[in-house]
file entry.cif (mmCIF, C-alpha atoms)
data_input
loop_
_atom_site.label_atom_id
_atom_site.label_comp_id
_atom_site.auth_asym_id
_atom_site.auth_seq_id
_atom_site.Cartn_x
_atom_site.Cartn_y
_atom_site.Cartn_z
CA MET A 24 121.00 78.63 108.55
CA ILE A 25 122.47 82.03 109.48
CA SER A 26 121.39 83.38 106.08
CA ILE A 27 117.81 82.33 106.82
CA LEU A 28 117.88 84.08 110.21
CA PHE A 29 119.24 87.26 108.63
CA GLY A 30 116.59 87.12 105.89
CA LEU A 31 113.76 86.71 108.40
CA THR A 32 115.15 89.52 110.56
CA SER A 33 115.25 91.69 107.47
CA ALA A 34 111.58 90.91 106.75
CA ILE A 35 110.59 91.73 110.33
CA SER A 36 112.51 95.02 110.31
CA TRP A 37 111.29 96.06 106.85
CA GLY A 38 107.71 95.14 107.74
CA ALA A 39 107.87 97.18 110.95
CA GLY A 40 109.39 100.00 108.91
CA ASP A 41 106.46 99.90 106.50
CA PHE A 42 104.08 99.95 109.45
CA THR A 43 105.71 103.05 110.95
CA GLY A 44 105.95 104.57 107.48
CA GLY A 45 102.20 104.11 107.10
CA LEU A 46 101.61 105.84 110.41
CA ALA A 47 103.90 108.70 109.36
CA SER A 48 102.10 108.99 106.00
CA ARG A 49 98.82 109.51 107.81
CA ARG A 50 100.33 112.43 109.70
CA THR A 51 102.39 114.18 107.04
CA GLY A 52 101.71 112.60 103.64
CA ALA A 53 103.35 109.66 101.89
CA TYR A 54 106.09 111.46 99.98
CA ARG A 55 107.31 113.52 102.92
CA ALA A 56 107.20 110.42 105.13
CA VAL A 57 109.39 108.50 102.67
CA PHE A 58 111.75 111.47 102.21
CA TYR A 59 112.37 111.98 105.92
CA GLY A 60 112.57 108.23 106.53
CA GLU A 61 115.33 108.11 103.90
CA PHE A 62 117.00 111.16 105.48
CA PHE A 63 117.09 109.81 109.03
CA GLY A 64 118.25 106.44 107.74
CA LEU A 65 121.12 108.15 105.92
CA VAL A 66 122.11 110.04 109.07
CA LEU A 67 122.17 106.73 110.98
CA LEU A 68 124.35 105.12 108.30
CA PHE A 69 126.83 108.00 108.37
CA ALA A 70 127.06 107.63 112.15
CA VAL A 71 127.75 103.89 111.77
CA VAL A 72 130.41 104.50 109.10
CA LEU A 73 132.16 107.07 111.30
CA ALA A 74 132.04 104.73 114.31
CA SER A 75 133.29 101.68 112.41
CA PRO A 76 135.25 102.77 109.33
CA GLN A 77 135.12 100.39 106.38
CA THR A 78 137.03 100.13 103.14
CA MET A 79 135.60 102.39 100.46
CA PRO A 80 133.95 100.27 97.73
CA ASN A 81 135.26 100.29 94.18
CA VAL A 82 133.63 102.31 91.42
CA LYS A 83 131.57 99.34 90.20
CA SER A 84 130.05 98.79 93.67
CA ILE A 85 129.30 102.51 94.03
CA LEU A 86 127.51 102.62 90.67
CA LEU A 87 125.55 99.47 91.48
CA SER A 88 124.55 100.95 94.86
CA ILE A 89 123.38 104.22 93.31
CA ALA A 90 121.40 102.36 90.65
CA ALA A 91 119.85 100.11 93.30
CA GLY A 92 118.78 103.06 95.46
CA ALA A 93 117.34 104.98 92.52
CA LEU A 94 115.44 101.98 91.14
CA GLY A 95 114.09 101.04 94.57
CA THR A 96 112.83 104.58 95.14
CA VAL A 97 111.29 104.77 91.66
CA GLY A 98 109.55 101.48 92.43
CA LEU A 99 108.18 102.99 95.63
CA MET A 100 106.91 106.06 93.77
CA LEU A 101 105.20 103.87 91.16
CA LEU A 102 103.62 101.75 93.89
CA TYR A 103 102.26 104.85 95.66
CA SER A 104 100.96 106.16 92.32
CA ALA A 105 99.12 102.90 91.69
CA MET A 106 97.65 102.99 95.18
CA ALA A 107 96.63 106.63 94.73
CA GLN A 108 94.64 105.56 91.65
CA GLY A 109 92.60 103.24 93.86
CA LYS A 110 94.32 100.01 92.74
CA MET A 111 95.69 99.04 96.14
CA SER A 112 94.25 95.51 96.11
CA ILE A 113 96.11 94.85 92.85
CA ALA A 114 99.23 96.99 93.38
CA ALA A 115 100.45 95.49 96.65
CA PRO A 116 100.42 91.75 95.78
CA VAL A 117 101.54 92.14 92.17
CA SER A 118 104.52 94.36 93.00
CA ALA A 119 105.54 92.23 95.99
CA LEU A 120 105.31 89.01 93.98
CA LEU A 121 107.42 90.30 91.10
CA ALA A 122 109.94 91.84 93.49
CA ALA A 123 110.53 88.38 94.98
CA ALA A 124 110.31 86.43 91.72
CA LEU A 125 113.04 88.35 89.87
CA PRO A 126 115.83 87.58 92.38
CA VAL A 127 114.68 83.94 92.55
CA ILE A 128 114.99 83.57 88.76
CA PHE A 129 118.31 85.45 88.71
CA GLY A 130 119.65 83.43 91.65
CA MET A 131 118.81 80.11 90.03
CA ILE A 132 120.58 81.22 86.84
CA THR A 133 123.73 82.41 88.63
CA ASP A 134 123.89 79.99 91.59
CA GLY A 135 122.24 76.92 90.08
CA PHE A 136 119.22 74.89 91.12
CA PRO A 137 118.81 75.13 94.92
CA GLY A 138 117.33 71.67 95.56
CA TYR A 139 113.78 70.38 95.38
CA LEU A 140 112.73 71.24 98.98
CA THR A 141 114.12 74.76 98.66
CA PHE A 142 112.43 75.14 95.29
CA LEU A 143 109.14 74.03 96.86
CA GLY A 144 109.80 76.57 99.62
CA PHE A 145 110.06 79.28 96.95
CA GLY A 146 106.56 78.34 95.81
CA PHE A 147 105.10 78.59 99.30
CA ALA A 148 106.95 81.86 99.95
CA LEU A 149 105.69 83.45 96.72
CA ALA A 150 102.16 82.32 97.60
CA ALA A 151 102.60 83.81 101.08
CA ILE A 152 103.73 87.18 99.66
CA TRP A 153 100.75 87.25 97.31
CA LEU A 154 98.17 86.27 99.93
CA VAL A 155 99.44 88.40 102.82
CA SER A 156 99.73 91.50 100.61
CA GLN A 157 96.08 91.45 99.57
CA SER A 158 93.63 93.95 100.96
CA GLU A 159 90.37 92.94 102.59
CA ASP A 160 88.58 92.89 99.25
CA GLY A 161 91.24 90.71 97.66
CA VAL A 162 92.25 90.77 94.02
CA LYS A 163 89.17 90.41 91.87
CA ASP A 164 89.06 89.97 88.11
CA ILE A 165 92.74 90.88 87.88
CA PHE A 166 93.16 89.42 84.41
CA THR A 167 90.34 91.58 83.06
CA HIS A 168 92.17 94.76 84.08
CA PHE A 169 95.58 94.48 82.42
CA SER A 170 95.83 98.26 82.27
CA ASP A 171 95.82 98.33 86.09
CA LEU A 172 98.90 96.09 86.17
CA ARG A 173 101.32 98.45 84.44
CA LEU A 174 102.41 100.50 87.45
CA PRO A 175 102.48 97.57 89.93
CA LEU A 176 104.55 95.50 87.52
CA LEU A 177 107.02 98.35 87.00
CA ALA A 178 107.17 98.89 90.77
CA GLY A 179 107.91 95.18 91.25
CA VAL A 180 110.69 95.36 88.66
CA GLY A 181 112.21 98.29 90.54
CA PHE A 182 112.12 96.41 93.85
CA GLY A 183 113.42 93.19 92.30
CA LEU A 184 116.34 94.99 90.63
CA TYR A 185 117.13 96.65 93.96
CA PHE A 186 117.49 93.19 95.55
CA ILE A 187 119.76 91.97 92.74
CA LEU A 188 121.94 95.08 92.47
CA MET A 189 122.43 95.56 96.21
CA ASN A 190 123.44 91.93 96.56
CA ALA A 191 126.10 92.48 93.89
CA ALA A 192 127.24 95.81 95.37
CA THR A 193 127.80 94.49 98.90
CA ARG A 194 129.95 91.43 98.26
CA GLU A 195 133.08 93.11 99.66
CA THR A 196 131.79 95.76 102.07
CA THR A 197 128.50 96.51 103.80
CA PHE A 198 127.81 100.06 104.97
CA TRP A 199 129.25 102.30 102.26
CA PRO A 200 127.10 100.76 99.50
CA MET A 201 124.08 101.31 101.76
CA VAL A 202 125.10 104.97 102.14
CA TYR A 203 125.31 105.47 98.36
CA SER A 204 122.06 103.59 97.79
CA ARG A 205 120.13 105.59 100.36
CA GLY A 206 121.69 108.84 99.16
CA ALA A 207 120.43 108.12 95.64
CA GLY A 208 116.98 107.30 97.02
CA LEU A 209 116.91 110.50 99.08
CA LEU A 210 117.87 112.60 96.05
CA ALA A 211 115.15 110.94 93.96
CA MET A 212 112.52 111.69 96.61
CA ALA A 213 113.70 115.30 96.93
CA LEU A 214 113.41 115.80 93.17
CA LEU A 215 109.91 114.30 93.20
CA ILE A 216 108.76 116.65 95.95
CA ILE A 217 110.24 119.64 94.11
CA VAL A 218 108.64 118.64 90.79
CA ARG A 219 105.29 118.16 92.51
CA ARG A 220 105.78 121.55 94.21
CA ASP A 221 105.02 119.98 97.56
CA SER A 222 106.29 121.42 100.81
CA PHE A 223 109.12 119.86 102.82
CA VAL A 224 107.52 121.22 106.00
CA THR A 225 106.05 118.53 108.24
CA VAL A 226 104.19 118.43 111.54
CA ARG A 227 106.17 117.94 114.74
CA ALA A 228 104.04 114.96 115.77
CA ALA A 229 105.38 112.99 112.79
CA TRP A 230 109.08 113.29 113.71
CA PRO A 231 109.33 110.40 116.21
CA VAL A 232 107.63 107.87 113.94
CA MET A 233 109.64 109.04 110.90
CA ILE A 234 112.89 108.61 112.84
CA LEU A 235 111.81 105.12 113.87
CA ASN A 236 110.85 104.38 110.26
CA GLY A 237 114.33 105.38 109.08
CA ILE A 238 116.01 103.16 111.69
CA LEU A 239 113.84 100.14 110.88
CA ASP A 240 114.26 100.55 107.14
CA VAL A 241 118.04 100.68 107.50
CA GLY A 242 117.78 97.57 109.68
CA GLY A 243 115.88 95.76 106.94
CA ASN A 244 118.51 96.73 104.38
CA PHE A 245 121.37 95.76 106.69
CA PHE A 246 120.06 92.29 107.46
CA TYR A 247 119.20 91.70 103.80
CA VAL A 248 122.79 92.51 102.89
CA LEU A 249 124.06 90.14 105.59
CA ALA A 250 121.72 87.40 104.37
CA GLY A 251 123.04 87.80 100.83
CA GLN A 252 126.64 87.73 102.02
CA ALA A 253 126.03 84.57 104.07
CA GLY A 254 124.02 82.60 101.51
CA ARG A 255 122.21 82.53 98.18
CA LEU A 256 120.64 85.63 96.63
CA ASP A 257 117.31 83.90 95.89
CA ILE A 258 116.77 82.65 99.46
CA SER A 259 117.79 85.92 101.12
CA ALA A 260 115.63 87.97 98.74
CA ILE A 261 112.50 85.87 99.05
CA LEU A 262 112.74 85.69 102.84
CA SER A 263 113.25 89.46 103.05
CA SER A 264 110.22 89.86 100.75
CA LEU A 265 108.01 88.33 103.42
CA PHE A 266 107.94 91.76 105.08
CA PRO A 267 104.19 92.31 104.39
CA GLY A 268 103.52 89.59 106.98
CA SER A 269 105.27 91.64 109.67
CA THR A 270 103.32 94.74 108.64
CA VAL A 271 99.88 93.13 108.78
CA ILE A 272 100.62 91.38 112.09
CA LEU A 273 101.67 94.71 113.67
CA ALA A 274 98.50 96.33 112.30
CA TRP A 275 96.49 93.46 113.80
CA ILE A 276 98.16 93.76 117.22
CA ILE A 277 98.52 97.55 117.56
CA LEU A 278 95.75 99.00 115.38
CA LYS A 279 93.34 96.08 115.90
CA GLU A 280 92.92 95.71 112.15
CA ARG A 281 91.23 92.46 111.18
CA LEU A 282 93.27 89.88 109.31
CA THR A 283 91.33 88.19 106.54
CA ARG A 284 91.24 84.43 106.07
CA THR A 285 93.37 84.91 102.94
CA GLN A 286 96.07 86.70 104.94
CA TRP A 287 96.08 83.99 107.62
CA ILE A 288 96.56 81.38 104.88
CA GLY A 289 99.44 83.47 103.59
CA ILE A 290 101.07 83.52 107.04
CA VAL A 291 100.78 79.72 107.23
CA CYS A 292 102.37 79.44 103.75
CA ALA A 293 105.25 81.62 104.96
CA LEU A 294 105.85 79.33 107.94
CA ILE A 295 105.83 76.27 105.67
CA ALA A 296 108.33 77.99 103.36
CA ILE A 297 110.67 78.75 106.29
CA ILE A 298 110.53 75.13 107.40
CA LEU A 299 111.35 73.91 103.88
CA PHE A 300 114.33 76.28 103.67
CA THR A 301 115.77 74.94 106.92
CA VAL A 302 115.38 71.22 106.12
#
call {"tool": "encode", "arguments": {"input": "entry.cif", "output": "structure tokens"}}
result
Amino acid sequence: MISILFGLTSAISWGAGDFTGGLASRRTGAYRAVFYGEFFGLVLLFAVVLASPQTMPNVKSILLSIAAGALGTVGLMLLYSAMAQGKMSIAAPVSALLAAALPVIFGMITDGFPGYLTFLGFGFALAAIWLVSQSEDGVKDIFTHFSDLRLPLLAGVGFGLYFILMNAATRETTFWPMVYSRGAGLLAMALLIIVRRDSFVTVRAAWPVMILNGILDVGGNFFYVLAGQAGRLDISAILSSLFPGSTVILAWIILKERLTRTQWIGIVCALIAIILFTV
């Protein structure tokens, strides 16, 4: 039960982080928003490590953490690239679905079959991720545009591998692997900005929301790690992957954006999945 609570808290925090990240992107651009969100999150993690020293992880955990951070950031870049090409209605649900499906498959291989109700819950949760992630226009004729799926699928692989690798890296300790993971992500974003010859300069009005984004994103990572430590990888990953629901609900409440019928159905599917996981 505690693993489920941690997973849901992770989804809420990550979803709120994506919401603030979207606001920051409107003010300073997506890549700078991600870079500074990573930066402020890393500063927060260093402060936590200094306040509550933990055992340094072994070399294997460090390498897994670095790989997880790099792959997660590459996935984010690929997702933004797909969205920049005007494929948002396809990119968001496809990448989110694959990001959740990979840890579920891996978890069932390593931890065994979770039980029929939990397995049914996986189905509802995957449906929820797909439905909630869709834009207002929905995904139309997706199977006639296979070329549009390349970047979203690769982004989903990056996110899914992040879930798997971070779960493996944080079996013994919590915060240091998060430091290495975020450091790798920050370096990847810095290299991208340099290669693109973008400026690191940002507007002052974006600082508060970028700081909040960094805090919320670290919170999502932290509670995902706790969920994985307390229970199965597949359940913690799929619950954490429900974060689009938190994002769209915040947009509905704060920005007055209209939720589509499809997204409401997705929210109901998420609630059914949570119930099935707790039975």
call {"tool": "resolve_selection", "arguments": {"input": "entry.cif", "expression": "the PyMOL selection byres ((chain A and resi 297) around 9)", "output": "ChimeraX atom specification"}}
result
/A:27,31,144,147-148,262,292-296,298-302
call {"tool": "closest_residue", "arguments": {"input": "entry.cif", "among": "A:Ala56, A:Thr197, A:Gly181, A:Ala191", "to": "Met79 of chain A", "atoms": "only C-alpha atoms"}}
result
A:Thr197
call {"tool": "atom_distance", "arguments": {"input": "entry.cif", "atom1": "atom CA of Ile187 of chain A", "atom2": "atom CA of Ile288 of chain A"}}
result
28.2 Å
call {"tool": "resolve_selection", "arguments": {"input": "entry.cif", "expression": "the PyMOL selection byres ((chain A and resi 179) around 9)", "output": "PyMOL selection string"}}
result
chain A and resi 98-99+102+117-123+125+174-178+180-184
call {"tool": "resolve_selection", "arguments": {"input": "entry.cif", "expression": "the PyMOL selection byres ((chain A and resi 235) around 12)", "output": "PyMOL selection string"}}
result
chain A and resi 36-37+39-47+56-57+59-64+67+229-234+236-242
call {"tool": "closest_atom_pairs", "arguments": {"input": "entry.cif", "of": "segment 35-143 of chain A", "to": "segment 202-223 of chain A", "cutoff": "9 Å", "atoms": "all atoms listed in the file", "output": "CSV"}}
result
residue,atom,partner,partner_atom,distance
A:Tyr54,CA,A:Ile216,CA,7.1
A:Arg55,CA,A:Phe223,CA,6.6
A:Val57,CA,A:Met212,CA,7.5
A:Phe58,CA,A:Met212,CA,5.7
A:Tyr59,CA,A:Leu209,CA,8.3
A:Gly60,CA,A:Leu209,CA,8.9
A:Glu61,CA,A:Leu209,CA,5.6
A:Phe62,CA,A:Leu209,CA,6.4
A:Gly64,CA,A:Arg205,CA,7.7
A:Leu65,CA,A:Arg205,CA,6.2
A:Leu68,CA,A:Val202,CA,6.2
A:Phe69,CA,A:Val202,CA,7.1
A:Val72,CA,A:Val202,CA,8.8
A:Ile85,CA,A:Tyr203,CA,6.6
A:Leu86,CA,A:Tyr203,CA,8.5
A:Leu87,CA,A:Ser204,CA,8.3
A:Ser88,CA,A:Ser204,CA,4.7
A:Ile89,CA,A:Ser204,CA,4.7
A:Ala90,CA,A:Ser204,CA,7.3
A:Ala91,CA,A:Ser204,CA,6.1
A:Gly92,CA,A:Ser204,CA,4.1
A:Ala93,CA,A:Gly208,CA,5.1
A:Leu94,CA,A:Gly208,CA,8.1
A:Gly95,CA,A:Gly208,CA,7.3
A:Thr96,CA,A:Gly208,CA,5.3
A:Val97,CA,A:Ala211,CA,7.6
A:Met100,CA,A:Met212,CA,8.4
call {"tool": "closest_residue", "arguments": {"input": "entry.cif", "among": "A:Thr283, A:Thr32, A:Gln252, A:Ser26", "to": "Thr193 of chain A", "atoms": "only C-alpha atoms"}}
result
A:Gln252
call {"tool": "closest_residue", "arguments": {"input": "entry.cif", "among": "A:Leu28, A:Leu278, A:Val127, A:Leu101", "to": "Arg173 of chain A", "atoms": "all atoms listed in the file"}}
result
A:Leu101
call {"tool": "atom_distance", "arguments": {"input": "entry.cif", "atom1": "atom CA of Pro137 of chain A", "atom2": "atom CA of Gln286 of chain A"}}
result
27.4 Å
call {"tool": "closest_residue", "arguments": {"input": "entry.cif", "among": "A:Ser269, A:Ser84, A:Thr141, A:Asn190", "to": "Val248 of chain A", "atoms": "only C-alpha atoms"}}
result
A:Asn190
call {"tool": "build_atoms", "arguments": {"input": "entry.cif", "residues": "segment 121-132 of chain A", "atoms": "N, CA and C atoms", "output": "tab-separated table (two decimals), in the coordinates of the input"}}
result
chain	number	residue	atom	x	y	z
A	121	LEU	N	106.39	90.13	92.12
A	121	LEU	CA	107.42	90.30	91.10
A	121	LEU	C	108.75	90.66	91.74
A	122	ALA	N	108.71	91.46	92.80
A	122	ALA	CA	109.94	91.84	93.49
A	122	ALA	C	110.66	90.61	94.03
A	123	ALA	N	109.92	89.62	94.47
A	123	ALA	CA	110.53	88.38	94.98
A	123	ALA	C	110.90	87.43	93.85
A	124	ALA	N	110.09	87.40	92.79
A	124	ALA	CA	110.31	86.43	91.72
A	124	ALA	C	111.58	86.73	90.92
A	125	LEU	N	111.87	88.00	90.67
A	125	LEU	CA	113.04	88.35	89.87
A	125	LEU	C	114.35	87.85	90.50
A	126	PRO	N	114.60	88.11	91.80
A	126	PRO	CA	115.83	87.58	92.38
A	126	PRO	C	115.88	86.05	92.41
A	127	VAL	N	114.71	85.41	92.56
A	127	VAL	CA	114.68	83.94	92.55
A	127	VAL	C	115.13	83.43	91.19
A	128	ILE	N	114.60	83.99	90.11
A	128	ILE	CA	114.99	83.57	88.76
A	128	ILE	C	116.47	83.86	88.53
A	129	PHE	N	116.91	85.07	88.90
A	129	PHE	CA	118.31	85.45	88.71
A	129	PHE	C	119.23	84.55	89.53
A	130	GLY	N	118.82	84.26	90.78
A	130	GLY	CA	119.65	83.43	91.65
A	130	GLY	C	119.79	82.02	91.12
A	131	MET	N	118.72	81.47	90.57
A	131	MET	CA	118.81	80.11	90.03
A	131	MET	C	119.68	80.07	88.78
A	132	ILE	N	119.72	81.17	88.02
A	132	ILE	CA	120.58	81.22	86.84
A	132	ILE	C	122.05	81.32	87.25
